[in-house]
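Step one of this worksheet: look at the structure below.
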Amino acid sequence: MTVAGYLAVDSGGSGLRVAVGVPGRAPSAQRETREPVRTGARGIDPAHLMSQLTPLARELAAEAGVEELGTAVVGAAGFATLGDALRAELPDALARALGVRRIALAADAVTAYAGALGSRPGAVLAAGTGLIAIGTDLTGWRRADGWGHLLGDCGGGAWIGRAGLEAALRAHDGREGGSAALLRCAEEQFGPVRQLPGLLYPRTDRAAVLASFAPQVADRSADDPVAADILRAAARHMADSAAAVCPADGAPEVALTGGLSKMGDPLLVPLREELARRLPHARQVPPEGDPLHGAVRIAAELAAGRLTLPGEPTMLHVTAATRKRADKTGRIPLTCTLPEQDHPGNQ
């Protein structure tokens, strides 16, 4: 008997994470690459993604003993705004190269949500270098922030690092609101602060450089009130974003995922307090898994015909032959055959 499996992909800033397995079981083969998928004038490059993914998927399928990859889920950073080419070309490319029949393309925030909360209503804060909040009541998606370090990502790692460096520069200038402790940290990490503009402004990885200073802010927060105030402000921004997307009714859950979750009590204590104040009806829970785990969950549910997360073109784009007709909300749960052109994600 042919063993049918799934392919789950998390495409992020550091490369691809790929898993292959059989629905109903944990992934039996996983691998990572170190080359991020290129973006260009057409957005995320589907040909570059496939050039990395195809040989890796075949190797993992052989390793897992999977003879057929019937379902694939690809979660990609930037999909919401840069995913036009992926939506247009990747389903056919996956079908031709790997024989995939059921395909879901998702924003990385959606796979982060699925990894953290599964298919339950609530909100997830994905907080690393940047910050985005995503929420659903299972009829539609809401997102807040995620606008990048120049326009938003308020409370994320780059935001915290930039605020810490600003406090260091205030101390250097003798202005109010400065932190001598953060000034010492900045000079230890970057050298004389007078050189910071020349170091930061030309760099294409400016957000990552700013975020690299966030741990210094956390380390100083126990003894430095300026550093502690920065983290409290970050917690307020994060709670603002969570409140903007969390369902107002019922008993939703709220989870934090991403690198900032490792910052510990200096950030997490004020964040818990702010979330309790802004969302008293929501239950704060630890995330159950990461974005790759979320892609695996979506793949398993898609393969079984029981995916309940809402489909939207820029958030969760499903190409499959097993959908019900839309209900009065316009959402389409999976279970029975429907012509592909009727899928809302293909409009």
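FYI, nothing fancy with the structure tokens labels: chains A, B, ... in order, residues from 1 per chain, ligands from 1 as they appear.
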
Exercise. So which bits of stretch 87-335 of chain A end up strand (DSSP E) when you DSSP the backbone, as a VMD selection string?
Worked result: chain A and resid 102 to 107 122 to 127 131 to 136 141 to 145 253 to 257 283 to 284 316 to 319

Exercise. Near A:Tyr6, counting only C-alpha atoms, which residues have an atom at most 7 Å away, once you skip same-chain residues fewer than 6 positions from it, shown as a PyMOL selection string?
Worked result: chain A and resi 20-23+69-72+299

Write the residues of the selection above to a file with N, CA, C and O atoms, as a short mmCIF file (atom, residue, chain, number, x, y, z; two decimals), in the first residue's frame.
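Saved the output as result.cif:
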```cif
data_model
loop_
_atom_site.label_atom_id
_atom_site.label_comp_id
_atom_site.auth_asym_id
_atom_site.auth_seq_id
_atom_site.Cartn_x
_atom_site.Cartn_y
_atom_site.Cartn_z
N VAL A 20 8.84 16.22 6.91
CA VAL A 20 8.01 15.26 6.18
C VAL A 20 7.51 14.22 7.17
O VAL A 20 8.25 13.79 8.06
N GLY A 21 6.27 13.85 7.03
CA GLY A 21 5.71 12.84 7.91
C GLY A 21 4.41 12.30 7.36
O GLY A 21 4.02 12.58 6.22
N VAL A 22 3.73 11.52 8.16
CA VAL A 22 2.45 10.91 7.82
C VAL A 22 1.39 11.52 8.71
O VAL A 22 1.60 11.64 9.93
N PRO A 23 0.24 11.95 8.17
CA PRO A 23 -0.82 12.53 9.01
C PRO A 23 -1.16 11.64 10.19
O PRO A 23 -1.27 10.42 10.07
N LEU A 69 3.81 12.48 -1.51
CA LEU A 69 3.56 13.69 -0.74
C LEU A 69 2.24 14.29 -1.23
O LEU A 69 2.21 15.09 -2.16
N GLY A 70 1.15 13.88 -0.62
CA GLY A 70 -0.16 14.31 -1.08
C GLY A 70 -0.52 15.72 -0.65
O GLY A 70 -1.32 16.39 -1.30
N THR A 71 0.08 16.19 0.45
CA THR A 71 -0.28 17.48 1.03
C THR A 71 0.97 18.28 1.33
O THR A 71 1.96 17.72 1.81
N ALA A 72 0.93 19.57 1.04
CA ALA A 72 2.06 20.44 1.37
C ALA A 72 1.55 21.74 1.98
O ALA A 72 0.54 22.29 1.53
N ALA A 299 -1.00 20.93 7.82
CA ALA A 299 -0.91 19.85 6.84
C ALA A 299 -1.72 18.64 7.26
O ALA A 299 -2.43 18.03 6.44
#
```

For this session: With a distance cut-off of 12 Å and only C-alpha atoms, select the neighbouring residues of A:Asp223, excluding the residue or stretch itself and same-chain residues fewer than 6 positions from it, and output the selection as a PyMOL selection string.
Result: chain A and resi 179-182+217+229+266

Check which residues of stretch 248-268 of chain A sit at most 12 Å from stretch 99-109 of chain A using only C-alpha atoms, and return one row each with the closest pair of atoms and their distance in Å to one decimal, ordered by chain and rising number, as a Markdown table.
```
| residue | atom | partner | partner_atom | distance |
| --- | --- | --- | --- | --- |
| A:Leu256 | CA | A:Ala109 | CA | 11.8 |
| A:Thr257 | CA | A:Ala109 | CA | 10.1 |
| A:Gly258 | CA | A:Ala109 | CA | 10.6 |
```

How close does stretch 87-139 of chain A get to stretch 152-155 of chain A? List, as JSON lines, each residue of stretch 87-139 of chain A within 9 Å, its nearest atom pair and the distance in Å to one decimal, counting only C-alpha atoms.
```
{"residue": "A:Ala127", "atom": "CA", "partner": "A:Gly155", "partner_atom": "CA", "distance": 8.0}
{"residue": "A:Thr129", "atom": "CA", "partner": "A:Asp153", "partner_atom": "CA", "distance": 8.3}
{"residue": "A:Gly130", "atom": "CA", "partner": "A:Asp153", "partner_atom": "CA", "distance": 5.0}
{"residue": "A:Leu131", "atom": "CA", "partner": "A:Asp153", "partner_atom": "CA", "distance": 4.5}
{"residue": "A:Ile132", "atom": "CA", "partner": "A:Asp153", "partner_atom": "CA", "distance": 6.6}
```

Grab the residues selected above and save them as a PDB file, in the first residue's frame with all heavy atoms.
```pdb
ATOM      1  N   ALA A 127       7.002  37.622  18.513  1.00  0.00           N
ATOM      2  CA  ALA A 127       7.920  38.693  18.895  1.00  0.00           C
ATOM      3  C   ALA A 127       9.350  38.203  18.831  1.00  0.00           C
ATOM      4  O   ALA A 127       9.774  37.366  19.623  1.00  0.00           O
ATOM      5  CB  ALA A 127       7.606  39.180  20.312  1.00  0.00           C
ATOM      6  N   THR A 129      12.950  39.801  16.357  1.00  0.00           N
ATOM      7  CA  THR A 129      13.504  41.079  15.924  1.00  0.00           C
ATOM      8  C   THR A 129      12.377  42.074  15.671  1.00  0.00           C
ATOM      9  O   THR A 129      12.453  43.238  16.057  1.00  0.00           O
ATOM     10  CB  THR A 129      14.329  40.885  14.639  1.00  0.00           C
ATOM     11  OG1 THR A 129      15.456  40.054  14.948  1.00  0.00           O
ATOM     12  CG2 THR A 129      14.829  42.217  14.102  1.00  0.00           C
ATOM     13  N   GLY A 130      11.320  41.623  15.009  1.00  0.00           N
ATOM     14  CA  GLY A 130      10.130  42.433  14.804  1.00  0.00           C
ATOM     15  C   GLY A 130       9.009  41.979  15.700  1.00  0.00           C
ATOM     16  O   GLY A 130       9.216  41.190  16.639  1.00  0.00           O
ATOM     17  N   LEU A 131       7.793  42.474  15.421  1.00  0.00           N
ATOM     18  CA  LEU A 131       6.639  42.061  16.211  1.00  0.00           C
ATOM     19  C   LEU A 131       5.384  42.159  15.375  1.00  0.00           C
ATOM     20  O   LEU A 131       5.149  43.168  14.694  1.00  0.00           O
ATOM     21  CB  LEU A 131       6.483  42.926  17.466  1.00  0.00           C
ATOM     22  CG  LEU A 131       5.330  42.458  18.374  1.00  0.00           C
ATOM     23  CD1 LEU A 131       5.742  42.412  19.833  1.00  0.00           C
ATOM     24  CD2 LEU A 131       4.089  43.329  18.193  1.00  0.00           C
ATOM     25  N   ILE A 132       4.598  41.115  15.410  1.00  0.00           N
ATOM     26  CA  ILE A 132       3.281  41.120  14.785  1.00  0.00           C
ATOM     27  C   ILE A 132       2.332  40.365  15.695  1.00  0.00           C
ATOM     28  O   ILE A 132       2.724  39.388  16.361  1.00  0.00           O
ATOM     29  CB  ILE A 132       3.315  40.491  13.368  1.00  0.00           C
ATOM     30  CG1 ILE A 132       1.964  40.629  12.683  1.00  0.00           C
ATOM     31  CG2 ILE A 132       3.746  39.029  13.431  1.00  0.00           C
ATOM     32  CD1 ILE A 132       1.982  40.246  11.218  1.00  0.00           C
TER      33      ILE A 132
END
```

For this session: Write out as a VMD selection string the residues lying within 6 Å of A:Arg17, counting only C-alpha atoms and excluding same-chain residues fewer than 4 positions away.
Result: chain A and resid 9 to 10 31 to 32

Hey, which bits of stretch 62-132 of chain A sit within 8 Å of stretch 37-56 of chain A, and for each residue what's the closest pair of atoms and how far apart in Å (one decimal), counting only C-alpha atoms, rows by chain and increasing number, as a Markdown table?
```
| residue | atom | partner | partner_atom | distance |
| --- | --- | --- | --- | --- |
| A:Gly78 | CA | A:Ile44 | CA | 7.6 |
| A:Phe79 | CA | A:Ile44 | CA | 7.5 |
| A:Thr81 | CA | A:Gly43 | CA | 8.0 |
| A:Leu82 | CA | A:Gly43 | CA | 4.3 |
| A:Gly83 | CA | A:Ile44 | CA | 5.9 |
| A:Asp84 | CA | A:Gly43 | CA | 6.8 |
| A:Ala85 | CA | A:Arg42 | CA | 6.2 |
| A:Leu86 | CA | A:Pro46 | CA | 5.5 |
| A:Glu89 | CA | A:Pro46 | CA | 6.8 |
| A:Leu90 | CA | A:Pro46 | CA | 6.0 |
| A:Ala93 | CA | A:Met50 | CA | 7.5 |
| A:Leu94 | CA | A:Met50 | CA | 7.8 |
| A:Ala97 | CA | A:Thr54 | CA | 6.9 |
| A:Leu98 | CA | A:Thr54 | CA | 7.2 |
```

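Shortest separation to A:Ala233 among A:Gly177, A:Gly198, A:Pro252, A:Gly156 occurs at residue A:Gly156, atoms counted being only C-alpha atoms.
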